[in-house]
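Colleague: My structure is in coords_10.cif, and what it holds is mmCIF, C-alpha atoms:
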data_model
loop_
_atom_site.label_atom_id
_atom_site.label_comp_id
_atom_site.auth_asym_id
_atom_site.auth_seq_id
_atom_site.Cartn_x
_atom_site.Cartn_y
_atom_site.Cartn_z
CA MET F 514 0.48 -26.77 25.32
CA GLY F 515 -1.87 -24.26 23.60
CA THR F 516 -2.63 -22.26 26.75
CA ARG F 517 0.98 -22.28 27.82
CA LEU F 518 2.07 -21.14 24.36
CA ARG F 519 -0.41 -18.25 24.40
CA GLU F 520 0.76 -17.11 27.86
CA THR F 521 4.42 -17.33 26.87
CA ALA F 522 3.73 -15.44 23.62
CA SER F 523 1.99 -12.67 25.56
CA GLU F 524 4.99 -12.35 27.90
CA VAL F 525 7.43 -12.32 24.97
CA ALA F 526 5.31 -9.72 23.16
CA ALA F 527 5.44 -7.46 26.23
CA LEU F 528 9.24 -7.77 26.25
CA LEU F 529 9.58 -7.01 22.54
CA TRP F 530 7.09 -4.25 21.85
CA ARG F 531 4.92 -1.88 23.85
CA GLU F 532 2.24 -1.96 21.17
CA HIS F 533 1.33 -5.44 19.98
CA VAL F 534 -1.54 -7.77 19.20
CA VAL F 535 -1.46 -11.47 20.12
CA TYR F 536 -3.89 -13.89 18.47
CA ARG F 537 -4.24 -17.60 17.83
CA GLU F 538 -3.65 -19.14 14.39
CA ARG F 539 -5.81 -21.87 12.89
CA GLY F 540 -3.06 -24.47 13.27
CA GLY F 541 -2.76 -23.96 17.03
CA GLY F 542 0.08 -21.45 16.91
CA VAL F 543 0.16 -17.89 18.17
CA VAL F 544 0.99 -14.73 16.20
CA ILE F 545 2.39 -11.50 17.65
CA ARG F 546 1.90 -8.47 15.43
CA GLY F 547 3.81 -5.23 15.88
CA GLU F 548 2.02 -2.85 13.53
CA HIS F 549 4.22 0.11 14.45
CA VAL F 550 7.38 -1.74 13.37
CA GLN F 551 5.69 -3.58 10.46
CA ARG F 552 6.84 -7.01 11.73
CA TRP F 553 5.19 -10.21 12.95
CA ILE F 554 6.31 -13.28 14.90
CA SER F 555 4.65 -16.67 14.83
CA MET F 556 5.11 -19.41 17.45
CA ALA F 557 3.80 -22.85 16.61
CA PRO F 558 4.19 -26.21 18.36
CA SER F 559 6.94 -28.28 16.79
CA GLY F 560 7.32 -32.03 16.49
CA GLY F 561 9.65 -32.10 19.50
CA ARG F 562 8.30 -32.08 23.04
CA GLY F 563 8.47 -28.57 24.51
CA GLU F 564 9.83 -27.01 21.31
CA VAL F 565 8.24 -24.26 19.27
CA LEU F 566 8.89 -23.15 15.74
CA VAL F 567 9.45 -19.39 15.78
CA ARG F 568 9.04 -17.57 12.47
CA ALA F 569 9.33 -13.86 11.69
CA GLY F 570 8.26 -11.73 8.76
CA ARG F 571 7.12 -8.33 7.60
CA ILE F 572 3.70 -6.69 7.53
CA LEU F 573 3.04 -5.21 4.10
CA ASP F 574 1.17 -2.04 3.25
CA GLY F 575 -2.52 -2.62 3.81
CA GLY F 576 -1.95 -4.93 6.78
CA THR F 577 -1.32 -8.20 4.97
CA THR F 578 1.57 -10.36 6.10
CA ALA F 579 4.43 -11.37 3.88
CA PRO F 580 5.67 -14.97 4.05
CA ALA F 581 8.12 -15.77 6.82
CA ARG F 582 11.65 -14.64 6.11
CA THR F 583 13.40 -16.50 8.93
CA GLU F 584 12.60 -19.32 11.33
CA ALA F 585 14.21 -21.15 14.23
CA LEU F 586 13.42 -23.84 16.78
CA ALA F 587 13.36 -22.78 20.43
CA ARG F 588 12.70 -24.50 23.72
CA LEU F 589 9.51 -23.29 25.37
CA ASP F 590 10.79 -24.13 28.85
CA ALA F 591 14.00 -22.08 28.35
CA GLY F 592 12.19 -18.98 29.63
CA THR F 593 10.67 -15.88 28.15
CA HIS F 594 13.93 -13.94 28.03
CA GLU F 595 15.65 -16.66 25.99
CA LEU F 596 12.65 -16.87 23.67
CA ALA F 597 12.59 -13.07 23.36
CA ALA F 598 16.31 -13.13 22.45
CA THR F 599 15.58 -15.65 19.70
CA CYS F 600 12.74 -13.46 18.42
CA ARG F 601 14.98 -10.36 18.43
CA ARG F 602 17.60 -12.23 16.41
CA LEU F 603 14.99 -13.30 13.86
CA LEU F 604 13.55 -9.78 13.68
CA ALA F 605 17.03 -8.38 13.11
CA GLU F 606 17.51 -10.80 10.22
CA VAL F 607 14.14 -9.78 8.75
CA THR F 608 15.08 -6.11 9.05
CA THR F 609 18.45 -6.52 7.34
CA GLU F 610 16.89 -8.54 4.52
CA ALA F 611 14.07 -6.03 4.05
CA THR F 612 16.39 -3.02 3.85
CA PRO F 613 17.10 -2.21 0.20
CA SER F 614 20.74 -1.66 -0.75
CA ALA F 615 20.01 1.61 -2.54
CA PRO F 616 16.78 3.34 -1.58
CA PRO F 617 14.80 4.57 -4.55
CA THR F 618 14.98 8.31 -5.03
CA ARG F 619 11.70 10.09 -5.26
CA ARG F 620 11.07 13.77 -5.55
CA VAL F 621 8.82 14.87 -2.75
CA ARG F 622 6.59 17.81 -3.51
CA LYS F 623 6.47 20.41 -0.78
CA ARG F 624 3.08 21.14 0.70
CA GLY F 625 1.36 24.21 -0.66
CA ARG F 626 3.56 24.42 -3.73
CA ARG F 627 1.86 24.05 -7.06
CA ILE F 628 3.42 22.56 -10.15
CA ARG F 629 3.83 25.01 -12.98
CA LYS F 630 3.32 23.84 -16.52
CA GLY F 631 4.71 25.67 -19.50
CA ARG F 632 5.71 29.04 -18.02
CA HIS F 633 9.02 29.06 -16.13
CA THR F 634 9.16 32.67 -14.95
CA SER F 635 6.45 33.79 -12.55
CA LEU F 636 4.84 37.24 -12.39
CA THR F 637 6.86 38.14 -9.30
CA SER F 638 10.11 37.40 -11.11
CA TRP F 639 9.08 39.65 -14.01
CA VAL F 640 8.27 42.50 -11.60
CA VAL F 641 11.72 42.19 -10.02
CA ILE F 642 13.43 42.10 -13.44
CA VAL F 643 11.53 45.21 -14.64
CA GLY F 644 12.37 47.01 -11.36
CA VAL F 645 16.09 46.28 -11.73
CA ILE F 646 16.05 47.47 -15.35
CA ALA F 647 14.22 50.64 -14.28
CA LEU F 648 16.84 51.36 -11.60
CA ILE F 649 19.68 50.86 -14.10
CA GLY F 650 17.91 53.15 -16.58
CA LEU F 651 17.37 55.84 -13.91
CA TYR F 652 21.05 55.66 -12.91
CA ALA F 653 22.15 56.00 -16.53
CA TYR F 654 19.75 58.94 -17.07
CA ASN F 655 21.12 60.75 -14.01
CA ALA F 656 24.72 60.09 -15.12
CA VAL F 657 24.03 61.59 -18.56
CA LEU F 658 22.34 64.68 -17.03
CA ALA F 659 25.27 65.20 -14.66
CA ARG F 660 27.77 65.28 -17.59
CA LEU F 661 25.67 67.76 -19.56
CA ARG F 662 25.63 70.34 -16.78
#
Translate the structure of the given file into C-alpha coordinates.
Modeller:
Amino acid sequence: MGTRLRETASEVAALLWREHVVYRERGGGVVIRGEHVQRWISMAPSGGRGEVLVRAGRILDGGTTAPARTEALARLDAGTHELAATCRRLLAEVTTEATPSAPPTRRVRKRGRRIRKGRHTSLTSWVVIVGVIALIGLYAYNAVLARLR
(Lines of atoms letter the chains of each structure in order from A and count residues from 1; the text may use other names and numbers.)
(Lines give C-alpha, C1' and ligand atoms only; values in the text may rest on other atoms or scores of the structure.)
Protein backbone atom coordinates (compact mmCIF):
# COMPACT_ATOMS: atom_id res chain seq x y z
CA MET A 1 0.00 0.00 0.00
CA GLY A 2 2.89 2.41 0.78
CA THR A 3 4.44 2.24 -2.69
CA ARG A 4 1.08 2.51 -4.37
CA LEU A 5 0.17 5.50 -2.20
CA ARG A 6 3.42 7.27 -3.08
CA GLU A 7 2.90 6.69 -6.82
CA THR A 8 -0.70 7.88 -6.65
CA ALA A 9 0.33 10.96 -4.64
CA SER A 10 2.97 11.83 -7.24
CA GLU A 11 0.37 11.58 -10.03
CA VAL A 12 -2.12 13.70 -8.07
CA ALA A 13 0.58 16.27 -7.31
CA ALA A 14 1.36 16.57 -11.03
CA LEU A 15 -2.33 17.20 -11.72
CA LEU A 16 -2.67 19.82 -8.99
CA TRP A 17 0.51 21.87 -9.18
CA ARG A 18 3.43 22.27 -11.54
CA GLU A 19 5.77 22.97 -8.65
CA HIS A 20 5.47 20.51 -5.78
CA VAL A 21 7.42 18.32 -3.39
CA VAL A 22 6.25 14.83 -2.43
CA TYR A 23 7.69 13.12 0.65
CA ARG A 24 6.84 10.32 3.04
CA GLU A 25 5.57 10.97 6.58
CA ARG A 26 6.67 9.00 9.62
CA GLY A 27 3.28 7.30 9.94
CA GLY A 28 3.41 5.85 6.43
CA GLY A 29 1.48 8.64 4.72
CA VAL A 30 2.59 10.94 1.94
CA VAL A 31 2.66 14.75 1.94
CA ILE A 32 2.43 16.98 -1.13
CA ARG A 33 3.70 20.51 -0.58
CA GLY A 34 2.92 23.39 -2.92
CA GLU A 35 5.21 26.15 -1.66
CA HIS A 36 4.10 28.62 -4.33
CA VAL A 37 0.46 28.39 -3.20
CA GLN A 38 1.30 27.99 0.51
CA ARG A 39 -0.78 24.79 0.81
CA TRP A 40 -0.13 21.14 1.66
CA ILE A 41 -2.02 17.86 1.22
CA SER A 42 -1.50 14.71 3.24
CA MET A 43 -2.62 11.22 2.22
CA ALA A 44 -2.50 8.51 4.85
CA PRO A 45 -3.80 4.93 4.87
CA SER A 46 -7.16 4.69 6.61
CA GLY A 47 -8.70 1.85 8.57
CA GLY A 48 -10.73 0.78 5.53
CA ARG A 49 -9.22 -1.35 2.80
CA GLY A 50 -8.19 0.81 -0.16
CA GLU A 51 -9.21 4.07 1.53
CA VAL A 52 -6.97 7.01 2.30
CA LEU A 53 -7.47 9.91 4.64
CA VAL A 54 -6.84 13.11 2.70
CA ARG A 55 -6.10 16.22 4.74
CA ALA A 56 -5.27 19.75 3.58
CA GLY A 57 -3.79 22.77 5.29
CA ARG A 58 -1.72 25.90 4.91
CA ILE A 59 2.02 26.49 4.92
CA LEU A 60 2.89 29.32 7.28
CA ASP A 61 5.60 31.94 6.91
CA GLY A 62 8.94 30.31 7.50
CA GLY A 63 7.89 27.00 5.94
CA THR A 64 6.15 25.40 8.90
CA THR A 65 2.81 23.72 8.34
CA ALA A 66 -0.36 24.70 10.11
CA PRO A 67 -2.65 21.94 11.41
CA ALA A 68 -5.03 20.42 8.89
CA ARG A 69 -8.08 22.55 8.21
CA THR A 70 -10.13 19.96 6.32
CA GLU A 71 -10.09 16.22 5.78
CA ALA A 72 -12.00 13.58 3.83
CA LEU A 73 -11.92 9.87 3.11
CA ALA A 74 -11.29 8.84 -0.49
CA ARG A 75 -10.99 5.55 -2.34
CA LEU A 76 -7.48 4.95 -3.63
CA ASP A 77 -8.73 2.76 -6.48
CA ALA A 78 -11.17 5.46 -7.72
CA GLY A 79 -8.41 6.91 -9.90
CA THR A 80 -6.09 9.87 -9.78
CA HIS A 81 -8.59 12.29 -11.31
CA GLU A 82 -11.20 11.52 -8.64
CA LEU A 83 -8.57 11.85 -5.92
CA ALA A 84 -7.35 15.12 -7.45
CA ALA A 85 -10.95 16.42 -7.45
CA THR A 86 -11.23 15.59 -3.74
CA CYS A 87 -7.94 17.39 -3.09
CA ARG A 88 -9.09 20.46 -5.05
CA ARG A 89 -12.29 20.58 -3.00
CA LEU A 90 -10.32 20.41 0.25
CA LEU A 91 -7.87 23.07 -0.97
CA ALA A 92 -10.78 25.33 -1.90
CA GLU A 93 -12.17 24.95 1.62
CA VAL A 94 -8.76 25.76 3.11
CA THR A 95 -8.48 28.84 0.90
CA THR A 96 -11.92 30.18 1.83
CA GLU A 97 -11.26 29.62 5.54
CA ALA A 98 -7.83 31.26 5.34
CA THR A 99 -9.11 34.39 3.58
CA PRO A 100 -9.76 37.11 6.16
CA SER A 101 -13.11 38.91 5.92
CA ALA A 102 -11.51 42.36 6.05
CA PRO A 103 -7.85 42.52 5.10
CA PRO A 104 -5.78 44.61 7.47
CA THR A 105 -4.82 47.98 6.06
CA ARG A 106 -1.17 48.80 6.12
CA ARG A 107 0.55 51.82 4.75
CA VAL A 108 3.21 50.75 2.32
CA ARG A 109 6.19 53.03 2.05
CA LYS A 110 7.29 53.74 -1.50
CA ARG A 111 10.82 52.77 -2.37
CA GLY A 112 13.32 55.60 -2.30
CA ARG A 113 11.11 57.88 -0.26
CA ARG A 114 12.38 58.91 3.12
CA ILE A 115 10.24 59.64 6.13
CA ARG A 116 10.43 63.22 7.29
CA LYS A 117 10.32 63.98 10.97
CA GLY A 118 9.38 67.35 12.35
CA ARG A 119 9.57 69.59 9.27
CA HIS A 120 6.56 69.40 6.93
CA THR A 121 7.63 71.79 4.17
CA SER A 122 10.70 70.83 2.18
CA LEU A 123 13.31 73.21 0.75
CA THR A 124 11.88 72.82 -2.75
CA SER A 125 8.45 73.91 -1.55
CA TRP A 126 9.93 77.03 0.07
CA VAL A 127 11.75 77.94 -3.17
CA VAL A 128 8.48 77.67 -5.11
CA ILE A 129 6.62 79.77 -2.51
CA VAL A 130 9.30 82.50 -2.56
CA GLY A 131 9.28 82.48 -6.40
CA VAL A 132 5.50 82.95 -6.54
CA ILE A 133 5.67 85.79 -4.01
CA ALA A 134 8.47 87.41 -6.04
CA LEU A 135 6.38 87.23 -9.23
CA ILE A 136 3.37 88.78 -7.47
CA GLY A 137 5.59 91.53 -6.06
CA LEU A 138 7.12 92.23 -9.51
CA TYR A 139 3.64 92.43 -11.07
CA ALA A 140 2.46 94.84 -8.37
CA TYR A 141 5.62 96.98 -8.80
CA ASN A 142 5.09 97.20 -12.56
CA ALA A 143 1.40 98.08 -12.07
CA VAL A 144 2.29 100.93 -9.71
CA LEU A 145 4.95 102.28 -12.12
CA ALA A 146 2.49 102.17 -15.02
CA ARG A 147 -0.04 104.34 -13.10
CA LEU A 148 2.60 106.91 -12.15
CA ARG A 149 3.61 107.59 -15.74
Colleague: May I have the residues within 12 Å of Gly561 of chain F as a list in words, using only C-alpha atoms and disregarding those fewer than 5 positions away in the same chain?
Modeller: Leu566, Leu586, Ala587, Arg588 and Leu589 of chain F
Colleague: Report the distance between atom CA of Gln551 of chain F and atom CA of Asp590 of chain F in Å, rounded to one decimal place.
Modeller: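 Here the two named atoms are 28.0 Å from each other.
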Colleague: Could you tell me which residues the PyMOL selection byres ((chain F and resi 520) around 12) grabs in this file, written as a VMD selection string?
Modeller: chain F and resid 514 to 519 521 to 527 535 to 537 542 to 545 556 589 592 to 593
Colleague: With all atoms listed in the file as the counted atoms, please give the residues lying no more than 10 Å from Ile572 of chain F, apart from itself and same-chain residues fewer than 2 positions off, as a ChimeraX atom specification.
Modeller: /F:546-553,570,574-580
Colleague: Using C-alpha atoms, can you write the selected residues to a file as a PDB file, in the frame of the given file?
Modeller:
ATOM      1  CA  ARG F 546       1.900  -8.470  15.430  1.00  0.00           C
ATOM      2  CA  GLY F 547       3.810  -5.230  15.880  1.00  0.00           C
ATOM      3  CA  GLU F 548       2.020  -2.850  13.530  1.00  0.00           C
ATOM      4  CA  HIS F 549       4.220   0.110  14.450  1.00  0.00           C
ATOM      5  CA  VAL F 550       7.380  -1.740  13.370  1.00  0.00           C
ATOM      6  CA  GLN F 551       5.690  -3.580  10.460  1.00  0.00           C
ATOM      7  CA  ARG F 552       6.840  -7.010  11.730  1.00  0.00           C
ATOM      8  CA  TRP F 553       5.190 -10.210  12.950  1.00  0.00           C
ATOM      9  CA  GLY F 570       8.260 -11.730   8.760  1.00  0.00           C
ATOM     10  CA  ASP F 574       1.170  -2.040   3.250  1.00  0.00           C
ATOM     11  CA  GLY F 575      -2.520  -2.620   3.810  1.00  0.00           C
ATOM     12  CA  GLY F 576      -1.950  -4.930   6.780  1.00  0.00           C
ATOM     13  CA  THR F 577      -1.320  -8.200   4.970  1.00  0.00           C
ATOM     14  CA  THR F 578       1.570 -10.360   6.100  1.00  0.00           C
ATOM     15  CA  ALA F 579       4.430 -11.370   3.880  1.00  0.00           C
ATOM     16  CA  PRO F 580       5.670 -14.970   4.050  1.00  0.00           C
TER      17      PRO F 580
END
Colleague: I'd like the residues picked by the PyMOL selection byres ((chain F and resi 599) around 10) written out as a PDB file with C-alpha atoms, in the coordinates of the input, using the chain letters and numbers from the file.
Modeller:
ATOM      1  CA  VAL F 567       9.450 -19.390  15.780  1.00  0.00           C
ATOM      2  CA  ARG F 568       9.040 -17.570  12.470  1.00  0.00           C
ATOM      3  CA  GLU F 584      12.600 -19.320  11.330  1.00  0.00           C
ATOM      4  CA  ALA F 585      14.210 -21.150  14.230  1.00  0.00           C
ATOM      5  CA  LEU F 586      13.420 -23.840  16.780  1.00  0.00           C
ATOM      6  CA  ALA F 587      13.360 -22.780  20.430  1.00  0.00           C
ATOM      7  CA  THR F 593      10.670 -15.880  28.150  1.00  0.00           C
ATOM      8  CA  HIS F 594      13.930 -13.940  28.030  1.00  0.00           C
ATOM      9  CA  GLU F 595      15.650 -16.660  25.990  1.00  0.00           C
ATOM     10  CA  LEU F 596      12.650 -16.870  23.670  1.00  0.00           C
ATOM     11  CA  ALA F 597      12.590 -13.070  23.360  1.00  0.00           C
ATOM     12  CA  ALA F 598      16.310 -13.130  22.450  1.00  0.00           C
ATOM     13  CA  CYS F 600      12.740 -13.460  18.420  1.00  0.00           C
ATOM     14  CA  ARG F 601      14.980 -10.360  18.430  1.00  0.00           C
ATOM     15  CA  ARG F 602      17.600 -12.230  16.410  1.00  0.00           C
ATOM     16  CA  LEU F 603      14.990 -13.300  13.860  1.00  0.00           C
ATOM     17  CA  LEU F 604      13.550  -9.780  13.680  1.00  0.00           C
ATOM     18  CA  ALA F 605      17.030  -8.380  13.110  1.00  0.00           C
TER      19      ALA F 605
END
Colleague: Counting only C-alpha atoms, which of F:Val534, F:Ile642, F:Ala656, F:Ala591 gets nearest to Gly563 of chain F?
Modeller: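 When distances to Gly563 of chain F are compared using only C-alpha atoms, the smallest one comes from F:Ala591.
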Colleague: Hey, can you check how far atom CA of Asn655 of chain F sits from atom CA of Val643 of chain F?
Modeller: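 Interatomic distance, atom CA of Asn655 of chain F to atom CA of Val643 of chain F: 18.3 Å.
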Colleague: What does the distance from atom CA of Gly541 of chain F to atom CA of Pro558 of chain F come to in Å, to one decimal?
Modeller: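 Rounded to one decimal, the two atoms are 7.4 Å apart.
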Colleague: Restricting the calculation to all atoms listed in the file: of F:Ala659, F:Val607, F:Leu636, F:Ile646, which residue gets closest to Arg571 of chain F?
Modeller: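 Of all the options, F:Val607 lies closest to Arg571 of chain F.
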